[in-house]
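*Asks:* Just passing along the structure, written as structure tokens.
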Amino acid sequence: MTLSRNIKIAAVVVFLAIVFIAVPAVISASGRFDLYYTLTSVALLSIASAGVWLTFYIGRINIGQGAYALMGGYVSAILVMNHGWSFWLTLPVAGLFCAAASVLIGLPILRLRGVYFAMVTLVLTEVARLLALALPITNGAKGIVSIPLPGALSVFGITLIPDFATLQNSRLAFYLLAVTLMVACFAVMYRLVNSRIGKLCQSLQQNEELASSIGVNIAYLRVIAYAVSSFFGGVSGAIFAAISQSIYPSSFTVTDSVNFMLNCFLGGLGYVFGPMLGTLVLYFGWDLLFQTGQFQLLIYSGLMIVLMLVLPNGLLSLAEMTRKKG
Amino acid sequence: MAEMLEVSGLTKRFGGLVAVNNVSFSVREKEILSVIGPNGAGKSTLFKLISSFLKPTTGEVRLKGERISGLAPHIAARRGVVRTFQETTIFKNMSVRDNVIIAHHLRSKASLFGFFLGTGAAKVDEAAFGQSADEILALLGLSSLANETARNLPHGHLRALGIAIGLATSPSILLLDEPFAGMNHDETMRMVEMVRRLRERGLTILLVEHDMPAVMKISDRLVVLNFGQKIAEGTPSEIQADEKVIEAYLGSEDEAIGL
Amino acid sequence: MEQVIANGLYLGAQYALIALGLTLIFALMNVLNFAHGQMYVLGGFITYTVYGQLGLPFVVALLASGVTLAVIGALMEKFLFRTVIRRSHREESTMLLAAATAFFFDAVILLLFGEKQRGVPKIVKGVFNDAGIIMPYDRLVVGALAIVFIAAFVLYMQYSRVGRAMRALAQDRVAAQLMGVRVDRYSMIGFAMGAMLAGVVGGLLVTITGVNSGIGGPISIKAFLMVMIGGAGVVGGAIAGGFILGMMESVGLTVLREYGDVTYLVIFAALMVFLSVRPNGLMGKPWG
Amino acid sequence: MNQILNFANVELYYDHVYALKGVSLEVNEGETVALIGANGAGKSSILRAITGLRKIRSGEIHYGGKRIDGAAPDEIVKMGIAMVPEGRRVFPYMTVRDNLLMGAFTRTSKSEIAASMEMVLGRFPRLKERFSQAAGTMSGGEQQMLVIGRALMAKPKLLLLDEPSLGVAPKLVQDIARSIVAINRDEKVSVLLVEQNSRMALRISQRAYALTTGSVALSGNSAELLTDDRVKRLYLGGEI
Amino acid sequence: AVGISYAQAENKELKIGFVGVTSGPAAAWGTSNVRSMQTRAAWINETGGVKIGNDTYNVDIVTFDDQKDPKRAIAGMEKMAQEGVHYVVGPNVDDGAAAVRPVAEANGIIYFPYAFPKALYQKPASNAVLGMIANYQSGPAIYKYLKENKGVKKIAFVAANESDPLSQRDGGVEAAKALGLEIVAQNDTYQNDTRDFTPVLTPIVALKPDLLVLSGVAPANAPLLIRAARELGYEGLISTETAQDAKVLEEGAGEYANGFISVGGASTPEIASDTMKEFVTRYTKMFGEYNDESNTKVYALEYILDTLKANPAAINDVAEFKKTMDTFSAPNPFLKGDAKLGYVGTTSFGQKRQLSVPMVVNEYKDGAFQTLFVGSVD
Ligand SMILES: Nc1ncnc2c1ncn2[C@@H]1O[C@H](COP(=O)(O)OP(=O)(O)OP(=O)(O)O)[C@@H](O)[C@H]1O
Ligand SMILES: Nc1ncnc2c1ncn2[C@@H]1O[C@H](COP(=O)(O)OP(=O)(O)OP(=O)(O)O)[C@@H](O)[C@H]1O
Ligand SMILES: CC(C)C[C@H](N)C(=O)O
Ligand SMILES: [Mg+2]
Ligand SMILES: [Mg+2]
């Protein structure tokens, strides 16, 4: 685990170079422009999954991230459509709105543990969908459609981000937006986990009673972690709404919530970058198996089972295993 | 000596069962007070009430005159009332040293956000906690196990680790629930010594324990519970001679089995 | 209103039976079996094939469903879950495995049985209609059978040697081992029984609701709800949860229909509030 | 005297921790043997090795002349070894009755089981009073009696006890100690007793082994060990 | 893919896409799409391919299962763009159809959703073409017919609590109101995981409507709803505005389904041409079992190919396609007589963005559909 500082820095530089330079270069060279959306999805879904991972880190199985993604999508869509806000402003607001909502929801439900918390959050996803159908402001079953693309973002007259609608390649723009946020998100996560906060979160995961006996405000810490998690969910939902220029009650469902969780498992619950790798593999795996037609799901799930048998602690445990052997 | 902790009229019901029934006593500063009594007498429950892990049905607990019962457990800990657990309760998947480091939480000056940013204060804390953890581990004879994952320790060392965690919070009152259970005589005596040293450092200690030789040796005073009620209070020699206590708890000496 | 209550009871009986298998597996192995609904669907398709297509007696079909699923359950425990449980650091890891097996079953079922809704001939014809209650006879039969199965299961767990061993196993694996219980074997039996219950209830209900390849996931989730209401891993809880959910649906759909699409919103919200108050469900404890 | 258990040169590891470094000991038929030693000395590990809960690295374990290391715990239990594990471990949500019946899990004859039940309830009348109570709601001492009773239900020839006095009030410790003596005497069960309460253990046993960090440091006649200086110093604490 | 292709080496390849749902509870919708396309394509390829302009093409169907997830649907549409596909059938549901719009428009793809929201087909949108008859078109016709011929006065709606069915219910309610029918129930919904509909229908049946409309009902649920209603003693009519499958109804509801009214393509023997009959035979041979929904769904591919034949320039340029749509007309091979294919939708959408699929209103009877009446849309 103790990589030297230089190796770490080098790894980060390489990663950034791949994500921001190599990927766009390869895509434009090969002409595989559909990969932009695929990778954008991976980036956004991995942000949401990172949130789920954080709740795992405090010992809660979270199958409710879909609810916050949906909520974030609606907040952004409604602010853009009904109130004429700039998308760029709605992005943090969507995240904060979800964080605030998650505090209210989290205070009672974070007392639950194990499968109970898992189930309640699962139900929460469904509640979000039903609310989206029932509330007047969401436009119910008809969803919100024809949302404009993100406009220009300028500060003091300097255009930081151009209007997406005028761009020739809004896919690239969305890709860059998504990976930038992903990098930021995982930087935050890495810092969280490797600071004392990470240890505190681990103490919650392992024994809440003991943690509170040594003076940890467990209720507070839980809520904070959950709020951060939901913030990530909201942000990723908001961007999805902008990409599809529409949002429906069924835009994020129980299936998504479950997938977020699975991404974390597959990557490895013990590794901060697990959700990123897990999302990449699960999403890309599905995409690659596109060729197999009707056997896609069969092969996909079959491989997932095999992976689980070989690496029950996640893909990243492979590194640990080889190190132990080596 | 000043009154440190005052327990008055404390009662706890679980449904129909009265686990602690109208118990009052007080603990003086730097005192070692033991609570003894048969299994199920309500000792652990009493500890949970004092450390605010349970809310009393009636009655209250005061620390230096201030009411602390009914607070959240981490607030009670912040005020200086910290307990160890009867079961071996530790952070299983952390190293022994990390267990102790994390327990320094209350002493840290930096805020959560400070930790996140890695401010100077946070760094100072980190260094100080590491050092203090090593000292505590040395004190409890756990130094050689510092990097072992806690879940792999044998029973006796787990108990010691539980105490180390309690110590790391630098409490003013430490509540030890059966700290000597699972230790042999030699180890028990070393722990007794250590607890005494803690008291000399200014700690007030409340103790639940079934190991009578140790209890009698270490305690300034004892409180005896039976069926949730206080049936006796006094010095070790008073208690050892108390008919009610012998009847309910100690039993009479039986040379055939060495007790 | 009589009708509403009768509906609720009938629904409750079938829900309870669905929840039982799930709770059994959870109690024994701490595995939340995401594939439970898929097992139910598979049971339905087997009965569909044996009774509906091959024309063999219904009882034979039901037996075939039960036995097949029991075998599948046993194999899953032996070759999948046992390995993963042994090797993983966090026991939640089995959730990924369970979800993957659920997908796998979905794929297999879709390939084998197609995407269409399937149904079988009624087992009993006619409708009971008296005292303000309308209830087709086949529902009465299925409801009664469900209750018989539930009772048999509870009695078996409570009084048989195997049942006792499984309860012990659920409470303390090592201690059970020290009593001479072969924990591997009994985990396998328990998993098989849970799967068998799913298969049997799928087979039973195919006579009423038919079966189609896509409903596995939703059924699992519904079963999770019941288990949570009652308390995870408790037989009594699963039964209570099943009946409560059945009754809530029946009553809610009647009482709340004026307010539009809110019945389930209310049910779910109620569940969330309920669990916030009782974090372990109605009778939450490891095993009863 | 017939040897019932022979534990020869056993080594046992946990991951990388060396728990037993070639321990040898034996138990003769009808004997009570005590095993004492510091925390982490490996006492519980010895019991786990005997019952097959942990595989041993090397060495041999014979029981009744048959080699049993490598066998599964359930097979070993069937051969007549019963163990009371560290920390009681009752089945908390089962009744006293069901707990006891679990003890007889490996046996089939209904009438013999009933007879054992008679015997256990006769020995521990408290259990009879609490027959239908959930075991988890009983006091620590009662639970301790229950697990001993449960082990007896297997009609074992060899009974392994891991710290039966742990967390039990002094008066109950006396009761338990008397029960162990009586069981050994009346039921002709050989006993291997792990205890931190060395004084008690040496009083009620015929022979004893003292363990330090994975190997046997001392062994011999219990009565003699009680007066041995080293034992006194290390395990009995001088004159208390 | 199952598509058996008898590719002739000299033929070029024409890729037609499908992005829709072929797994999960709604699998039947997309599967009937995919299979009808694959059957038709195999048939065309076997008989030498399709001649467009000067070239002869073999039709290659590229399918993508979006799992009813709008995010996946976008990925599917991107994939189609990547493969150079310009004509895509699907998606099958509202949210997916809305989500793929930006991709389709940016990449010059015309897509044929089976979802009804008008915004998809009205200006400024112009790349979506509705693949079937919408409920707001068939509903009024059905209710009118039933009002006039069967004396229906009281009508009740029940829908799954999801976007598509709810929107369709709202459309139906509007149409019924316009006809002056009394609406006795319009708020009743069920969860998509409902397997036993007795509790849902108990209060509705008690209101004794003359017509019970199952808005946007999935083929899997239709027989269950019918059976539950009948067993509860419901005696009125039952209808839906979506396509159903006779076999599913027969197995799931038996004779209870008799009299059930739904909309189909050209399924009934009275109007099906020999081509349709051969299509059914080939489909059945290829996939083991026919699905009546495919009567409607076979049209999309036919329209695409015929429009391309009419204007070969459209093969890589959807602007050309759009131009042709306004005037396009070709014989309808699936209907007896001299029916025509043509684009419609002017009344509903203000532009021709809908396939003129015959609106055959069926009545189920003993395992098969019978024509109740045939309508049309403009
Ligand atoms: N949460 C609870 N709910 C119900 N009853 C409880 C609860 N906690 C403790 N009890 C009961 O209260 C009584 C007192 O228990 P407590 O744990 O305080 O005993 P104790 O004196 O610490 O015993 P021991 O010496 O065996 O540890 C017991 O009868 C116990 O079963
Ligand atoms: N599960 C485990 N994983 C790793 N190491 C273990 C494990 N269990 C025990 N050990 C190690 O094995 C050694 C012997 O442990 P054992 O439990 O046998 O000691 P013991 O004599 O019973 O001690 P105690 O009196 O404290 O119960 C100890 O060093 C301990 O750290
Ligand atoms: C309108 C819908 C109910 C039709 C459905 N989407 C289909 O593909 O057939
Ligand atoms: Mg206690
Ligand atoms: Mg031990």
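By convention here, the chains of the structure tokens are called A, B, ... in the order presented, each chain's residues are numbered starting at 1, and ligands are numbered starting at 1 in the order presented.
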Write out as a VMD selection string which residues come within 10 Å of C:Met157 when counting only C-alpha atoms, dropping same-chain ones fewer than 6 positions away.
*Replies:* chain C and resid 151 163 to 167 235 288
*Asks:* Could you list, as a list in words, all the residues within 6 Å of ligand 1, counting only C-alpha atoms and all ligand atoms?
*Replies:*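 The distance check yields Phe14, Ala19, Pro38, Asn39, Gly40, Ala41, Gly42, Lys43, Ser44 and Thr45 of chain B; Thr137, Ser139 and Gly140 of chain D.
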*Asks:* At a cut-off of 6 Å, list the chain A residues touching chain B, using only C-alpha atoms, as a PDB file with C-alpha atoms, in the first residue's frame.
*Replies:*
```
ATOM      1  CA  LEU A 192     -11.142  11.847   2.476  1.00  0.00           C
ATOM      2  CA  SER A 195      -7.020  11.599   5.949  1.00  0.00           C
ATOM      3  CA  ARG A 196      -8.145  11.012   9.464  1.00  0.00           C
ATOM      4  CA  GLN A 206     -16.412  -1.665  12.090  1.00  0.00           C
ATOM      5  CA  SER A 212     -19.265   6.654  19.887  1.00  0.00           C
ATOM      6  CA  SER A 213     -17.672   5.541  23.138  1.00  0.00           C
ATOM      7  CA  ILE A 214     -14.421   7.154  22.073  1.00  0.00           C
ATOM      8  CA  GLY A 215     -16.240  10.380  21.390  1.00  0.00           C
ATOM      9  CA  VAL A 216     -16.990  10.143  17.678  1.00  0.00           C
ATOM     10  CA  ASN A 217     -20.215  11.859  16.785  1.00  0.00           C
TER      11      ASN A 217
END
```
*Asks:* Select the residues contacting ligand 3 at a distance of at most 10 Å, based on only C-alpha atoms and all ligand atoms, then format the selection as number ranges by chain.
*Replies:* E: 20-21, 26-33, 90-94, 97, 113-117, 131-135, 164-165, 167-168, 215-219, 240-244, 293-294, 296-297
*Asks:* Could you tell me how far atom CA of A:Leu39 lies from atom CA of A:Gly51, in Å and to one decimal?
*Replies:*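 So the answer is 18.5 Å.
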*Asks:* Residues within 8 Å of stretch 138-153 of chain A, please, as a compact mmCIF listing (two decimals) with N, CA, C and O atoms, in the first residue's frame. Count only C-alpha atoms; anything in the same chain fewer than 6 positions from it doesn't count.
*Replies:*
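Below is the file part-v1.txt, written as the result:
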```
# COMPACT_ATOMS: atom_id res chain seq x y z
N TYR A 74 -33.75 16.27 -12.04
CA TYR A 74 -34.96 17.11 -12.05
C TYR A 74 -34.66 18.53 -11.59
O TYR A 74 -35.19 19.49 -12.14
N ALA A 77 -33.04 20.28 -14.42
CA ALA A 77 -33.98 20.48 -15.53
C ALA A 77 -35.01 21.55 -15.20
O ALA A 77 -35.32 22.43 -16.02
N ILE A 78 -35.54 21.50 -14.00
CA ILE A 78 -36.59 22.46 -13.63
C ILE A 78 -36.03 23.87 -13.56
O ILE A 78 -36.64 24.82 -14.05
N VAL A 80 -33.46 25.04 -15.14
CA VAL A 80 -33.15 25.51 -16.48
C VAL A 80 -34.43 25.87 -17.24
O VAL A 80 -34.54 26.93 -17.84
N MET A 81 -35.39 24.96 -17.16
CA MET A 81 -36.59 25.13 -17.99
C MET A 81 -37.55 26.17 -17.43
O MET A 81 -38.07 27.01 -18.16
N SER A 86 -28.81 29.23 -15.72
CA SER A 86 -27.75 28.63 -16.50
C SER A 86 -27.50 27.23 -15.97
O SER A 86 -27.52 27.00 -14.75
N PHE A 87 -27.24 26.31 -16.88
CA PHE A 87 -26.95 24.94 -16.47
C PHE A 87 -25.80 24.89 -15.48
O PHE A 87 -25.83 24.13 -14.50
N TRP A 88 -24.83 25.76 -15.69
CA TRP A 88 -23.63 25.71 -14.85
C TRP A 88 -23.93 26.05 -13.42
O TRP A 88 -23.29 25.55 -12.50
N ALA A 132 -41.76 11.61 -8.59
CA ALA A 132 -41.60 12.31 -9.86
C ALA A 132 -42.86 12.16 -10.70
O ALA A 132 -43.24 13.06 -11.44
N THR A 159 -15.02 34.04 -21.39
CA THR A 159 -15.76 32.80 -21.58
C THR A 159 -14.89 31.61 -21.16
O THR A 159 -13.87 31.33 -21.79
N LEU A 160 -15.33 30.97 -20.08
CA LEU A 160 -14.58 29.82 -19.61
C LEU A 160 -15.00 28.57 -20.39
O LEU A 160 -14.18 27.74 -20.76
N ILE A 161 -16.31 28.45 -20.55
CA ILE A 161 -16.82 27.29 -21.27
C ILE A 161 -17.75 27.83 -22.35
O ILE A 161 -18.63 28.64 -22.07
N PRO A 162 -17.56 27.41 -23.59
CA PRO A 162 -18.42 27.91 -24.66
C PRO A 162 -19.81 27.27 -24.61
O PRO A 162 -20.02 26.26 -23.94
N ASP A 163 -20.72 27.90 -25.29
CA ASP A 163 -22.08 27.38 -25.40
C ASP A 163 -22.03 26.03 -26.12
O ASP A 163 -21.53 25.94 -27.24
N PHE A 164 -22.55 24.98 -25.47
CA PHE A 164 -22.47 23.64 -26.06
C PHE A 164 -23.22 23.56 -27.39
O PHE A 164 -22.86 22.78 -28.25
N ALA A 165 -24.27 24.37 -27.51
CA ALA A 165 -25.09 24.26 -28.72
C ALA A 165 -24.30 24.73 -29.93
O ALA A 165 -24.55 24.31 -31.05
N ALA A 242 -28.74 16.80 -18.89
CA ALA A 242 -28.30 17.74 -19.91
C ALA A 242 -27.90 17.01 -21.19
O ALA A 242 -28.15 17.50 -22.30
N ILE A 243 -27.31 15.83 -21.06
CA ILE A 243 -26.91 15.10 -22.26
C ILE A 243 -28.11 14.60 -23.04
O ILE A 243 -28.19 14.76 -24.26
N GLN A 245 -30.98 15.75 -22.77
CA GLN A 245 -31.87 16.89 -22.92
C GLN A 245 -33.30 16.54 -22.51
O GLN A 245 -34.26 17.09 -23.03
N SER A 246 -33.42 15.59 -21.61
CA SER A 246 -34.76 15.22 -21.15
C SER A 246 -34.61 14.49 -19.82
O SER A 246 -33.53 13.97 -19.50
N ILE A 247 -35.67 14.49 -19.07
CA ILE A 247 -35.66 13.65 -17.86
C ILE A 247 -37.06 13.13 -17.60
O ILE A 247 -38.04 13.83 -17.78
N TYR A 248 -37.10 11.87 -17.25
CA TYR A 248 -38.36 11.18 -16.98
C TYR A 248 -38.28 10.54 -15.60
O TYR A 248 -37.18 10.31 -15.09
N PRO A 249 -39.45 10.22 -15.04
CA PRO A 249 -39.41 9.53 -13.74
C PRO A 249 -38.60 8.24 -13.82
O PRO A 249 -38.06 7.79 -12.82
N ASP E 95 -39.38 7.61 -22.46
CA ASP E 95 -38.14 8.24 -21.98
C ASP E 95 -36.98 7.96 -22.93
O ASP E 95 -36.18 8.84 -23.22
N ALA E 98 -37.27 10.09 -26.06
CA ALA E 98 -36.88 11.48 -25.83
C ALA E 98 -35.36 11.60 -25.69
O ALA E 98 -34.75 12.54 -26.18
N PRO E 117 -45.61 10.42 -27.13
CA PRO E 117 -45.61 11.85 -26.81
C PRO E 117 -45.52 12.70 -28.08
O PRO E 117 -44.67 12.48 -28.94
N GLU E 162 -46.53 4.15 -14.65
CA GLU E 162 -45.30 4.45 -15.38
C GLU E 162 -45.63 5.47 -16.46
O GLU E 162 -46.79 5.62 -16.84
N SER E 163 -44.61 6.10 -16.98
CA SER E 163 -44.82 7.19 -17.92
C SER E 163 -45.74 6.83 -19.09
O SER E 163 -46.75 7.49 -19.33
N ASP E 164 -45.38 5.80 -19.84
CA ASP E 164 -46.14 5.52 -21.06
C ASP E 164 -47.61 5.25 -20.80
O ASP E 164 -48.48 5.93 -21.35
N LEU E 166 -49.44 5.97 -18.25
CA LEU E 166 -50.14 7.11 -17.65
C LEU E 166 -50.45 8.16 -18.71
O LEU E 166 -51.55 8.72 -18.74
N SER E 167 -49.48 8.44 -19.57
CA SER E 167 -49.74 9.42 -20.62
C SER E 167 -50.86 8.94 -21.52
O SER E 167 -51.72 9.71 -21.94
```
*Asks:* Should the cut-off be 9 Å, what would the residue list for chain D against chain B look like, counting only C-alpha atoms, as a ChimeraX atom specification?
*Replies:* /D:14,17,36-42,44,138-142,163,165-174,177-178,181,195-204,233-237,240
*Asks:* D:Val77, D:Leu121, D:Val10, D:Ala72: which is nearest chain C, counting only C-alpha atoms?
*Replies:* D:Val77
*Asks:* Just need the residues of chain A within 8 Å of chain C, counting only C-alpha atoms, so spit them out as a ChimeraX atom specification.
*Replies:* /A:61,108-109,111-113,115-116,119-120,123-124,127,130-131,134,262,265-266,294-295,297-298,301-302,304-305,308-309,312-313
*Asks:* Set the distance at 12 Å and use only C-alpha atoms: which residues neighbour stretch 93-101 of chain A once local chain neighbours fewer than 6 positions away are removed? I'd like the list as a PyMOL selection string.
*Replies:* chain A and resi 47-48+51+65-80+85-87+107+124+128+223-239+241
*Asks:* How would the residues just picked look written out with C-alpha atoms as a PDB file, in the first residue's frame?
*Replies:*
```
ATOM      1  CA  ILE A  47     -19.103   9.580  -9.762  1.00  0.00           C
ATOM      2  CA  ALA A  48     -22.431   8.312  -8.545  1.00  0.00           C
ATOM      3  CA  GLY A  51     -20.899   8.183  -3.569  1.00  0.00           C
ATOM      4  CA  GLN A  65     -28.262   6.425  -5.269  1.00  0.00           C
ATOM      5  CA  GLY A  66     -30.695   6.339  -8.183  1.00  0.00           C
ATOM      6  CA  ALA A  67     -33.043   8.485  -6.150  1.00  0.00           C
ATOM      7  CA  TYR A  68     -30.490  11.260  -5.830  1.00  0.00           C
ATOM      8  CA  ALA A  69     -29.409  11.033  -9.438  1.00  0.00           C
ATOM      9  CA  LEU A  70     -33.027  11.408 -10.422  1.00  0.00           C
ATOM     10  CA  MET A  71     -33.501  14.254  -8.001  1.00  0.00           C
ATOM     11  CA  GLY A  72     -30.402  16.021  -9.293  1.00  0.00           C
ATOM     12  CA  GLY A  73     -31.594  15.612 -12.854  1.00  0.00           C
ATOM     13  CA  TYR A  74     -34.958  17.109 -12.049  1.00  0.00           C
ATOM     14  CA  VAL A  75     -33.542  19.990 -10.029  1.00  0.00           C
ATOM     15  CA  SER A  76     -31.288  20.991 -12.883  1.00  0.00           C
ATOM     16  CA  ALA A  77     -33.980  20.480 -15.526  1.00  0.00           C
ATOM     17  CA  ILE A  78     -36.592  22.457 -13.635  1.00  0.00           C
ATOM     18  CA  LEU A  79     -34.258  25.329 -12.874  1.00  0.00           C
ATOM     19  CA  VAL A  80     -33.146  25.514 -16.479  1.00  0.00           C
ATOM     20  CA  TRP A  85     -31.053  29.375 -14.901  1.00  0.00           C
ATOM     21  CA  SER A  86     -27.750  28.630 -16.502  1.00  0.00           C
ATOM     22  CA  PHE A  87     -26.952  24.939 -16.475  1.00  0.00           C
ATOM     23  CA  LEU A 107     -31.213  11.407   9.855  1.00  0.00           C
ATOM     24  CA  LEU A 124     -36.211   5.256  -1.608  1.00  0.00           C
ATOM     25  CA  ALA A 128     -38.320   9.051  -5.908  1.00  0.00           C
ATOM     26  CA  VAL A 223     -24.961  12.163   7.749  1.00  0.00           C
ATOM     27  CA  ILE A 224     -21.951  14.002   6.362  1.00  0.00           C
ATOM     28  CA  ALA A 225     -20.788  10.956   4.472  1.00  0.00           C
ATOM     29  CA  TYR A 226     -24.276  10.328   3.170  1.00  0.00           C
ATOM     30  CA  ALA A 227     -24.638  13.952   2.104  1.00  0.00           C
ATOM     31  CA  VAL A 228     -21.362  13.855   0.202  1.00  0.00           C
ATOM     32  CA  SER A 229     -22.498  10.642  -1.389  1.00  0.00           C
ATOM     33  CA  SER A 230     -25.812  12.141  -2.439  1.00  0.00           C
ATOM     34  CA  PHE A 231     -24.105  15.244  -3.724  1.00  0.00           C
ATOM     35  CA  PHE A 232     -22.185  13.072  -6.154  1.00  0.00           C
ATOM     36  CA  GLY A 233     -25.381  11.326  -7.165  1.00  0.00           C
ATOM     37  CA  GLY A 234     -27.155  14.613  -7.824  1.00  0.00           C
ATOM     38  CA  VAL A 235     -24.358  16.043  -9.919  1.00  0.00           C
ATOM     39  CA  SER A 236     -24.109  13.002 -12.114  1.00  0.00           C
ATOM     40  CA  GLY A 237     -27.886  12.948 -12.604  1.00  0.00           C
ATOM     41  CA  ALA A 238     -27.919  16.591 -13.590  1.00  0.00           C
ATOM     42  CA  ILE A 239     -25.349  16.047 -16.315  1.00  0.00           C
ATOM     43  CA  ALA A 241     -30.322  15.221 -17.951  1.00  0.00           C
TER      44      ALA A 241
END
```
